[in-house]
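Undergrad: See final_32.csv below, with CSV, N, CA and C atoms.
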chain,number,residue,atom,x,y,z
A,1,MET,N,-11.8,-104.0,23.6
A,1,MET,CA,-10.8,-103.8,24.5
A,1,MET,C,-9.6,-103.1,23.8
A,2,THR,N,-9.3,-103.5,22.6
A,2,THR,CA,-8.2,-102.9,21.9
A,2,THR,C,-8.4,-101.4,21.6
A,3,SER,N,-9.6,-101.0,21.3
A,3,SER,CA,-9.8,-99.6,21.0
A,3,SER,C,-9.7,-98.8,22.3
A,4,LYS,N,-10.1,-99.3,23.5
A,4,LYS,CA,-9.9,-98.6,24.7
A,4,LYS,C,-8.5,-98.4,25.0
A,5,ARG,N,-7.7,-99.4,24.7
A,5,ARG,CA,-6.2,-99.3,25.0
A,5,ARG,C,-5.6,-98.2,24.1
A,6,ALA,N,-6.1,-98.2,22.8
A,6,ALA,CA,-5.6,-97.2,21.8
A,6,ALA,C,-5.9,-95.8,22.3
A,7,ILE,N,-7.1,-95.6,22.8
A,7,ILE,CA,-7.6,-94.3,23.2
A,7,ILE,C,-6.8,-93.9,24.4
A,8,LEU,N,-6.5,-94.8,25.4
A,8,LEU,CA,-5.7,-94.5,26.6
A,8,LEU,C,-4.3,-94.1,26.2
A,9,VAL,N,-3.7,-94.9,25.3
A,9,VAL,CA,-2.3,-94.6,24.8
A,9,VAL,C,-2.3,-93.2,24.1
A,10,ALA,N,-3.2,-93.0,23.3
A,10,ALA,CA,-3.3,-91.7,22.6
A,10,ALA,C,-3.4,-90.5,23.6
A,11,GLY,N,-4.3,-90.7,24.6
A,11,GLY,CA,-4.5,-89.7,25.6
A,11,GLY,C,-3.3,-89.4,26.4
A,12,MET,N,-2.6,-90.5,26.8
A,12,MET,CA,-1.4,-90.3,27.6
A,12,MET,C,-0.3,-89.7,26.8
A,13,SER,N,-0.2,-90.0,25.5
A,13,SER,CA,0.8,-89.4,24.6
A,13,SER,C,0.6,-87.9,24.5
A,14,LEU,N,-0.7,-87.4,24.4
A,14,LEU,CA,-1.0,-86.0,24.4
A,14,LEU,C,-0.6,-85.3,25.7
A,15,VAL,N,-0.8,-86.0,26.8
A,15,VAL,CA,-0.5,-85.4,28.1
A,15,VAL,C,1.0,-85.3,28.2
A,16,LEU,N,1.8,-86.3,27.9
A,16,LEU,CA,3.2,-86.3,28.0
A,16,LEU,C,3.9,-85.3,27.0
A,17,ALA,N,3.3,-85.2,25.8
A,17,ALA,CA,3.8,-84.3,24.8
A,17,ALA,C,3.7,-82.8,25.2
A,18,ARG,N,2.7,-82.6,26.1
A,18,ARG,CA,2.5,-81.2,26.5
A,18,ARG,C,3.5,-80.8,27.6
A,19,ILE,N,4.1,-81.7,28.3
A,19,ILE,CA,5.0,-81.3,29.5
A,19,ILE,C,6.1,-80.4,29.0
A,20,PRO,N,6.9,-80.7,28.0
A,20,PRO,CA,8.0,-79.8,27.6
A,20,PRO,C,7.5,-78.4,27.3
A,21,VAL,N,6.3,-78.3,26.7
A,21,VAL,CA,5.8,-77.0,26.3
A,21,VAL,C,5.5,-76.2,27.6
A,22,LEU,N,5.0,-76.8,28.6
A,22,LEU,CA,4.7,-76.1,29.8
A,22,LEU,C,6.0,-75.7,30.6
A,23,ALA,N,7.0,-76.5,30.4
A,23,ALA,CA,8.3,-76.2,31.1
A,23,ALA,C,9.0,-75.0,30.5
A,24,HIS,N,8.8,-74.7,29.2
A,24,HIS,CA,9.5,-73.6,28.6
A,24,HIS,C,8.6,-72.3,28.7
A,25,HIS,N,9.3,-71.2,29.1
A,25,HIS,CA,8.5,-70.0,29.3
A,25,HIS,C,8.7,-69.0,28.1
A,26,SER,N,7.9,-68.1,28.1
A,26,SER,CA,8.0,-67.0,27.1
A,26,SER,C,8.7,-65.8,27.6
A,27,PHE,N,9.2,-65.0,26.8
A,27,PHE,CA,9.8,-63.7,27.2
A,27,PHE,C,8.8,-62.9,28.0
A,28,ALA,N,7.6,-62.8,27.5
A,28,ALA,CA,6.6,-61.9,28.2
A,28,ALA,C,6.2,-62.4,29.6
A,29,ALA,N,6.4,-63.7,29.8
A,29,ALA,CA,6.0,-64.3,31.1
A,29,ALA,C,7.0,-63.8,32.2
A,30,GLU,N,8.3,-63.6,31.9
A,30,GLU,CA,9.2,-63.2,32.9
A,30,GLU,C,9.8,-61.8,32.8
A,31,TYR,N,9.8,-61.2,31.6
A,31,TYR,CA,10.5,-59.9,31.4
A,31,TYR,C,9.6,-58.9,31.0
A,32,ASP,N,9.9,-57.6,31.3
A,32,ASP,CA,9.1,-56.5,30.9
A,32,ASP,C,9.7,-55.8,29.8
A,33,GLY,N,9.1,-55.9,28.6
A,33,GLY,CA,9.6,-55.3,27.4
A,33,GLY,C,9.6,-53.8,27.4
A,34,THR,N,9.1,-53.1,28.4
A,34,THR,CA,9.1,-51.7,28.5
A,34,THR,C,10.2,-51.2,29.4
A,35,LYS,N,10.8,-52.1,30.2
A,35,LYS,CA,11.8,-51.7,31.1
A,35,LYS,C,13.2,-52.2,30.7
A,36,THR,N,13.9,-51.3,30.0
A,36,THR,CA,15.2,-51.6,29.5
A,36,THR,C,16.3,-51.3,30.5
A,37,PHE,N,17.4,-51.9,30.4
A,37,PHE,CA,18.5,-51.6,31.3
A,37,PHE,C,19.8,-51.5,30.5
A,38,LYS,N,20.8,-50.9,31.1
A,38,LYS,CA,22.2,-50.9,30.6
A,38,LYS,C,23.1,-50.9,31.9
A,39,ILE,N,23.7,-52.0,32.1
A,39,ILE,CA,24.5,-52.2,33.4
A,39,ILE,C,25.9,-52.6,33.1
A,40,THR,N,26.8,-52.0,33.8
A,40,THR,CA,28.2,-52.4,33.7
A,40,THR,C,28.7,-53.0,35.0
A,41,GLY,N,29.4,-54.1,34.9
A,41,GLY,CA,29.8,-54.8,36.1
A,41,GLY,C,30.9,-55.8,35.7
A,42,VAL,N,31.3,-56.6,36.7
A,42,VAL,CA,32.4,-57.6,36.7
A,42,VAL,C,31.8,-59.0,36.6
A,43,VAL,N,32.1,-59.7,35.6
A,43,VAL,CA,31.6,-61.1,35.4
A,43,VAL,C,32.1,-62.0,36.5
A,44,THR,N,31.2,-62.7,37.2
A,44,THR,CA,31.5,-63.7,38.2
A,44,THR,C,31.3,-65.1,37.7
A,45,LYS,N,30.5,-65.3,36.7
A,45,LYS,CA,30.2,-66.6,36.2
A,45,LYS,C,29.5,-66.6,34.9
A,46,PHE,N,29.9,-67.5,34.0
A,46,PHE,CA,29.2,-67.6,32.7
A,46,PHE,C,28.8,-69.1,32.5
A,47,ASP,N,27.5,-69.3,32.5
A,47,ASP,CA,27.0,-70.7,32.4
A,47,ASP,C,26.5,-70.9,30.9
A,48,LEU,N,27.2,-71.6,30.1
A,48,LEU,CA,26.8,-71.9,28.8
A,48,LEU,C,26.0,-73.2,28.9
A,49,THR,N,24.7,-73.1,29.3
A,49,THR,CA,23.9,-74.3,29.5
A,49,THR,C,22.5,-74.2,28.8
A,50,ASN,N,21.9,-75.3,28.6
A,50,ASN,CA,20.6,-75.4,28.0
A,50,ASN,C,19.5,-75.2,29.1
A,51,PRO,N,18.4,-74.7,28.8
A,51,PRO,CA,17.9,-74.2,27.5
A,51,PRO,C,18.4,-72.8,27.2
A,52,HIS,N,18.8,-72.0,28.2
A,52,HIS,CA,19.3,-70.7,28.0
A,52,HIS,C,20.6,-70.5,28.8
A,53,SER,N,21.6,-69.8,28.3
A,53,SER,CA,22.8,-69.5,29.0
A,53,SER,C,22.6,-68.3,29.9
A,54,TRP,N,23.5,-68.2,30.9
A,54,TRP,CA,23.4,-67.1,31.9
A,54,TRP,C,24.7,-66.5,32.2
A,55,ILE,N,24.7,-65.2,32.3
A,55,ILE,CA,25.9,-64.4,32.7
A,55,ILE,C,25.6,-63.8,34.1
A,56,HIS,N,26.5,-64.0,35.0
A,56,HIS,CA,26.3,-63.4,36.4
A,56,HIS,C,27.4,-62.3,36.5
A,57,VAL,N,26.9,-61.2,37.0
A,57,VAL,CA,27.8,-60.0,37.0
A,57,VAL,C,27.6,-59.3,38.4
A,58,ASP,N,28.7,-58.9,39.0
A,58,ASP,CA,28.7,-58.0,40.2
A,58,ASP,C,28.6,-56.6,39.7
A,59,VAL,N,27.5,-55.9,40.2
A,59,VAL,CA,27.3,-54.5,39.8
A,59,VAL,C,27.4,-53.7,41.1
A,60,LYS,N,28.2,-52.6,41.0
A,60,LYS,CA,28.4,-51.7,42.2
A,60,LYS,C,27.4,-50.6,42.1
A,61,GLY,N,26.6,-50.4,43.1
A,61,GLY,CA,25.6,-49.4,43.2
A,61,GLY,C,26.2,-48.0,43.6
A,62,PRO,N,25.4,-47.0,43.5
A,62,PRO,CA,25.9,-45.6,43.8
A,62,PRO,C,26.4,-45.5,45.2
A,63,ASP,N,25.8,-46.3,46.1
A,63,ASP,CA,26.2,-46.3,47.5
A,63,ASP,C,27.4,-47.2,47.8
A,64,GLY,N,27.9,-47.9,46.8
A,64,GLY,CA,29.1,-48.7,47.0
A,64,GLY,C,28.8,-50.2,47.2
A,65,THR,N,27.5,-50.5,47.4
A,65,THR,CA,27.2,-51.9,47.7
A,65,THR,C,27.2,-52.7,46.3
A,66,VAL,N,27.6,-53.9,46.4
A,66,VAL,CA,27.7,-54.8,45.2
A,66,VAL,C,26.6,-55.8,45.2
A,67,VAL,N,25.9,-55.8,44.1
A,67,VAL,CA,24.8,-56.8,43.9
A,67,VAL,C,25.1,-57.7,42.7
A,68,ASN,N,24.9,-59.0,42.9
A,68,ASN,CA,25.1,-59.9,41.8
A,68,ASN,C,23.8,-60.0,41.0
A,69,TRP,N,23.9,-59.7,39.7
A,69,TRP,CA,22.8,-59.8,38.8
A,69,TRP,C,23.0,-61.1,37.9
A,70,ALA,N,21.9,-61.6,37.5
A,70,ALA,CA,21.9,-62.8,36.6
A,70,ALA,C,21.2,-62.4,35.3
A,71,PHE,N,21.8,-62.6,34.2
A,71,PHE,CA,21.2,-62.3,32.9
A,71,PHE,C,21.1,-63.5,32.0
A,72,GLU,N,19.8,-63.7,31.6
A,72,GLU,CA,19.5,-64.8,30.7
A,72,GLU,C,19.9,-64.4,29.3
A,73,THR,N,20.5,-65.4,28.5
A,73,THR,CA,20.8,-65.1,27.1
A,73,THR,C,20.2,-66.2,26.2
A,74,ALA,N,20.6,-66.2,25.0
A,74,ALA,CA,20.1,-67.2,24.1
A,74,ALA,C,20.7,-68.6,24.4
A,75,SER,N,20.2,-69.6,23.7
A,75,SER,CA,20.7,-71.0,24.0
A,75,SER,C,22.2,-71.1,23.6
A,76,PRO,N,22.9,-72.1,24.1
A,76,PRO,CA,24.3,-72.3,23.8
A,76,PRO,C,24.5,-72.5,22.2
A,77,ASN,N,23.5,-73.1,21.6
A,77,ASN,CA,23.6,-73.3,20.1
A,77,ASN,C,23.7,-72.0,19.4
A,78,VAL,N,22.8,-71.1,19.8
A,78,VAL,CA,22.7,-69.8,19.1
A,78,VAL,C,24.0,-69.0,19.4
A,79,LEU,N,24.4,-69.0,20.7
A,79,LEU,CA,25.7,-68.3,21.0
A,79,LEU,C,26.9,-68.9,20.3
A,80,PHE,N,26.9,-70.2,20.2
A,80,PHE,CA,28.0,-70.9,19.5
A,80,PHE,C,28.1,-70.4,18.1
A,81,ARG,N,27.0,-70.3,17.4
A,81,ARG,CA,26.9,-69.8,16.0
A,81,ARG,C,27.4,-68.4,15.9
A,82,ARG,N,27.3,-67.6,17.0
A,82,ARG,CA,27.8,-66.2,17.0
A,82,ARG,C,29.3,-66.1,17.4
A,83,GLY,N,29.9,-67.3,17.6
A,83,GLY,CA,31.3,-67.3,18.0
A,83,GLY,C,31.6,-67.3,19.5
A,84,ILE,N,30.6,-67.5,20.3
A,84,ILE,CA,30.8,-67.5,21.7
A,84,ILE,C,31.0,-68.9,22.2
A,85,ARG,N,32.2,-69.1,22.9
A,85,ARG,CA,32.5,-70.4,23.5
A,85,ARG,C,32.5,-70.3,25.0
A,86,LYS,N,32.6,-71.4,25.7
A,86,LYS,CA,32.5,-71.3,27.2
A,86,LYS,C,33.6,-70.5,27.8
A,87,ASP,N,34.7,-70.3,27.1
A,87,ASP,CA,35.8,-69.4,27.7
A,87,ASP,C,35.7,-68.0,27.2
A,88,PHE,N,34.7,-67.6,26.5
A,88,PHE,CA,34.5,-66.3,26.0
A,88,PHE,C,34.5,-65.2,27.1
A,89,LEU,N,33.7,-65.5,28.1
A,89,LEU,CA,33.7,-64.6,29.3
A,89,LEU,C,34.3,-65.3,30.4
A,90,LYS,N,35.2,-64.5,31.1
A,90,LYS,CA,35.9,-65.1,32.2
A,90,LYS,C,35.6,-64.2,33.5
A,91,PRO,N,35.6,-64.9,34.7
A,91,PRO,CA,35.4,-64.1,35.9
A,91,PRO,C,36.5,-62.9,35.9
A,92,GLY,N,36.0,-61.8,36.2
A,92,GLY,CA,36.9,-60.6,36.2
A,92,GLY,C,36.8,-59.7,35.0
A,93,ASN,N,36.2,-60.2,33.9
A,93,ASN,CA,36.0,-59.3,32.8
A,93,ASN,C,35.0,-58.3,33.2
A,94,VAL,N,35.2,-57.0,32.7
A,94,VAL,CA,34.3,-55.9,32.9
A,94,VAL,C,33.5,-55.8,31.7
A,95,VAL,N,32.2,-55.9,31.8
A,95,VAL,CA,31.3,-55.9,30.6
A,95,VAL,C,30.1,-54.9,30.8
A,96,THR,N,29.5,-54.5,29.7
A,96,THR,CA,28.3,-53.7,29.8
A,96,THR,C,27.2,-54.6,29.1
A,97,ILE,N,26.1,-54.7,29.8
A,97,ILE,CA,25.0,-55.6,29.2
A,97,ILE,C,23.8,-54.7,29.1
A,98,GLU,N,23.1,-54.9,28.0
A,98,GLU,CA,21.8,-54.2,27.7
A,98,GLU,C,20.7,-55.2,27.5
A,99,GLY,N,19.5,-54.9,28.0
A,99,GLY,CA,18.4,-55.8,27.8
A,99,GLY,C,17.2,-55.4,28.5
A,100,TYR,N,16.4,-56.3,29.0
A,100,TYR,CA,15.1,-56.0,29.6
A,100,TYR,C,15.1,-56.6,31.1
A,101,LEU,N,14.5,-55.8,32.0
A,101,LEU,CA,14.4,-56.3,33.4
A,101,LEU,C,13.3,-57.3,33.6
A,102,ALA,N,13.5,-58.1,34.7
A,102,ALA,CA,12.5,-59.1,35.1
A,102,ALA,C,11.3,-58.4,35.7
A,103,LYS,N,10.1,-59.0,35.5
A,103,LYS,CA,8.9,-58.4,36.0
A,103,LYS,C,8.8,-58.4,37.5
A,104,ASP,N,9.5,-59.4,38.1
A,104,ASP,CA,9.4,-59.6,39.6
A,104,ASP,C,10.4,-58.6,40.3
A,105,ALA,N,11.0,-57.7,39.7
A,105,ALA,CA,11.9,-56.7,40.3
A,105,ALA,C,13.1,-57.4,40.9
A,106,SER,N,13.4,-58.6,40.6
A,106,SER,CA,14.7,-59.3,41.1
A,106,SER,C,15.9,-58.7,40.3
A,107,HIS,N,17.0,-59.1,40.7
A,107,HIS,CA,18.3,-58.7,40.0
A,107,HIS,C,18.5,-59.6,38.9
A,108,THR,N,17.5,-59.7,38.0
A,108,THR,CA,17.6,-60.6,36.9
A,108,THR,C,17.1,-59.8,35.6
A,109,GLY,N,17.7,-60.2,34.5
A,109,GLY,CA,17.3,-59.6,33.2
A,109,GLY,C,17.5,-60.5,32.1
A,110,ASN,N,16.9,-60.1,31.0
A,110,ASN,CA,17.1,-60.8,29.7
A,110,ASN,C,18.1,-60.0,28.9
A,111,ALA,N,19.3,-60.5,28.7
A,111,ALA,CA,20.4,-59.8,28.0
A,111,ALA,C,20.2,-59.9,26.5
A,112,GLN,N,20.3,-58.7,25.9
A,112,GLN,CA,20.3,-58.7,24.4
A,112,GLN,C,21.6,-58.4,23.8
A,113,LYS,N,22.4,-57.5,24.4
A,113,LYS,CA,23.7,-57.0,23.9
A,113,LYS,C,24.7,-57.0,25.0
A,114,LEU,N,25.9,-57.4,24.5
A,114,LEU,CA,27.1,-57.4,25.5
A,114,LEU,C,28.2,-56.5,24.8
A,115,LEU,N,28.8,-55.6,25.6
A,115,LEU,CA,29.9,-54.8,25.1
A,115,LEU,C,31.1,-55.1,26.0
A,116,MET,N,32.1,-55.5,25.3
A,116,MET,CA,33.4,-55.9,25.9
A,116,MET,C,34.2,-54.6,26.1
A,117,PRO,N,35.2,-54.6,27.0
A,117,PRO,CA,36.1,-53.4,27.2
A,117,PRO,C,36.8,-53.0,25.9
A,118,ASP,N,37.1,-53.9,25.0
A,118,ASP,CA,37.8,-53.5,23.7
A,118,ASP,C,36.9,-53.0,22.7
A,119,GLY,N,35.6,-52.8,23.0
A,119,GLY,CA,34.6,-52.3,22.1
A,119,GLY,C,33.8,-53.3,21.3
A,120,THR,N,34.2,-54.6,21.4
A,120,THR,CA,33.5,-55.6,20.7
A,120,THR,C,32.1,-55.7,21.3
A,121,GLN,N,31.1,-55.7,20.3
A,121,GLN,CA,29.7,-55.9,20.7
A,121,GLN,C,29.2,-57.2,20.2
A,122,VAL,N,28.5,-57.9,21.1
A,122,VAL,CA,27.9,-59.2,20.8
A,122,VAL,C,26.4,-59.2,21.1
A,123,ILE,N,25.6,-59.8,20.2
A,123,ILE,CA,24.2,-59.9,20.4
A,123,ILE,C,24.0,-61.2,21.2
A,124,LEU,N,23.4,-61.1,22.3
A,124,LEU,CA,23.3,-62.3,23.2
A,124,LEU,C,21.9,-62.9,23.2
A,125,GLY,N,20.9,-62.1,22.9
A,125,GLY,CA,19.5,-62.6,22.9
A,125,GLY,C,19.0,-63.0,21.6
A,126,THR,N,17.8,-63.5,21.6
A,126,THR,CA,17.1,-63.7,20.4
A,126,THR,C,16.2,-62.5,20.1
A,127,GLU,N,15.8,-62.3,18.9
A,127,GLU,CA,15.0,-61.1,18.6
A,127,GLU,C,13.7,-61.3,19.4
A,128,VAL,N,13.3,-60.3,20.1
A,128,VAL,CA,12.1,-60.2,20.8
A,128,VAL,C,11.3,-59.0,20.4
A,129,ASN,N,10.0,-59.2,20.5
A,129,ASN,CA,9.1,-58.0,20.2
A,129,ASN,C,8.4,-57.7,21.6
A,130,PRO,N,9.1,-56.9,22.4
A,130,PRO,CA,8.6,-56.6,23.7
A,130,PRO,C,7.3,-55.8,23.8
A,131,GLY,N,7.0,-55.2,22.7
A,131,GLY,CA,5.8,-54.3,22.8
A,131,GLY,C,4.6,-55.0,22.8
The structure given in the file should be rewritten as structure tokens.
TA:
Amino acid sequence: MTSKRAILVAGMSLVLARIPVLAHHSFAAEYDGTKTFKITGVVTKFDLTNPHSWIHVDVKGPDGTVVNWAFETASPNVLFRRGIRKDFLKPGNVVTIEGYLAKDASHTGNAQKLLMPDGTQVILGTEVNPG
């Protein structure tokens, strides 16, 4: 009876240990490493949250329509080590973001670089090998 219980506990431990792995996604699952972008827009929101931070930007199209884009960045811990704090980006800041587009053609991207109006450049993403 004790060995059956040990096997059951071990089996359940393996199942539960796998859950966080399934919840986290890879770059290749969501983004297309062959489709780069460079977009300039106005920051509407900056979420310094786990597991990845997000920058939301209003981008004006050639026809004048404004579309809100969401850009995934590195984790707050990585950004913090690069000097980025929650007040680094404020609504109204005009920024240029470079990165990779989402595979689903939504207004979403994986941000790699951020250029501030004063010329300051910040690396937002983690190193990816999109090829």
Undergrad: Around the point (17.3, -51.2, 31.6) (coordinates from the file), which residues reach within 7 Å if we count only C-alpha atoms? Answer as a ChimeraX atom specification.
TA: /A:35-38,98-101
Undergrad: Kindly give the distance, in Å, that separates atom CA of A:His56 and atom CA of A:Gln121, rounded to a single decimal.
TA: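 Result for atom CA of A:His56 versus atom CA of A:Gln121: 17.7 Å, one decimal.
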Undergrad: Just list the residues in stretch 5-107 of chain A DSSP gives helix (DSSP H, G or I) on the backbone, as a PyMOL selection string.
TA: chain A and resi 5-23+27-30+76-81
Undergrad: For a quick check of understanding, using only C-alpha atoms, which of A:Thr40, A:Ser75, A:Ser106, A:Thr34 has the smallest distance to A:Trp54?
TA: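 Closest residue, counting only C-alpha atoms: A:Ser75.
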Undergrad: Would you list the contacts of A:Thr108 as a compact mmCIF listing (two decimals) with N, CA and C atoms, in the coordinates of the input, taking every protein, DNA or RNA residue within 8 Å and counting only C-alpha atoms, but skipping same-chain residues closer than 2 positions in sequence?
TA:
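See selection-v4.txt below for the written result:
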# COMPACT_ATOMS: atom_id res chain seq x y z
N TRP A 69 23.90 -59.70 39.70
CA TRP A 69 22.80 -59.80 38.80
C TRP A 69 23.00 -61.10 37.90
N ALA A 70 21.90 -61.60 37.50
CA ALA A 70 21.90 -62.80 36.60
C ALA A 70 21.20 -62.40 35.30
N PHE A 71 21.80 -62.60 34.20
CA PHE A 71 21.20 -62.30 32.90
C PHE A 71 21.10 -63.50 32.00
N GLU A 72 19.80 -63.70 31.60
CA GLU A 72 19.50 -64.80 30.70
C GLU A 72 19.90 -64.40 29.30
N LEU A 101 14.50 -55.80 32.00
CA LEU A 101 14.40 -56.30 33.40
C LEU A 101 13.30 -57.30 33.60
N ALA A 102 13.50 -58.10 34.70
CA ALA A 102 12.50 -59.10 35.10
C ALA A 102 11.30 -58.40 35.70
N ALA A 105 11.00 -57.70 39.70
CA ALA A 105 11.90 -56.70 40.30
C ALA A 105 13.10 -57.40 40.90
N SER A 106 13.40 -58.60 40.60
CA SER A 106 14.70 -59.30 41.10
C SER A 106 15.90 -58.70 40.30
N ASN A 110 16.90 -60.10 31.00
CA ASN A 110 17.10 -60.80 29.70
C ASN A 110 18.10 -60.00 28.90
Undergrad: Would you compute the distance between atom CA of A:Val78 and atom CA of A:Leu115? Give it in Å to one decimal.
TA: 17.7 Å
Undergrad: Can you measure atom CA of A:Arg85 to atom CA of A:Leu48 for me? One decimal in Å is fine.
TA: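 The value is 7.9 Å.
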Undergrad: Out of A:Gly33, A:Gly125, A:Pro76, A:Gly64, which residue has the shortest atom-to-atom distance to A:Pro51 when counting all atoms listed in the file?
TA: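 Nearest to A:Pro51: A:Pro76.
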Undergrad: Need to verify the contact set: A:Glu30, 7 Å, only N, CA and C atoms, exclusion of same-chain residues closer than 3 positions in sequence. Can you return it as a ChimeraX atom specification?
TA: /A:25-27,101-104
Undergrad: Closest to A:Ile55 among A:Leu79, A:Ile84, A:Ala74, A:Val43, using only C-alpha atoms?
TA: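 So, comparing all the options, the nearest one is A:Val43.
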Undergrad: Give me every strand (DSSP E or B) residue in stretch 2-109 of chain A, going by DSSP on the backbone, as a VMD selection string.
TA: chain A and resid 31 to 47 54 to 60 66 to 72 94 to 102 108 to 109
Undergrad: My list of candidates is A:Val95, A:Leu114, A:Leu89, A:Asn77. Which is closest to A:Asn50 when distances are computed with only N, CA and C atoms?
TA: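 Once distances to A:Asn50 are computed over only N, CA and C atoms, the minimum belongs to A:Asn77.
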Undergrad: Skip A:Gly41 itself and residues of its chain fewer than 4 positions away, then list as a ChimeraX atom specification all residues within 6.5 Å of it, counting all atoms listed in the file.
TA: /A:57-60,93-97
Undergrad: Considering only C-alpha atoms, can you say which of A:Lys4, A:His52, A:Leu124, A:Asp118 comes closest to A:Arg81?
TA: A:Leu124
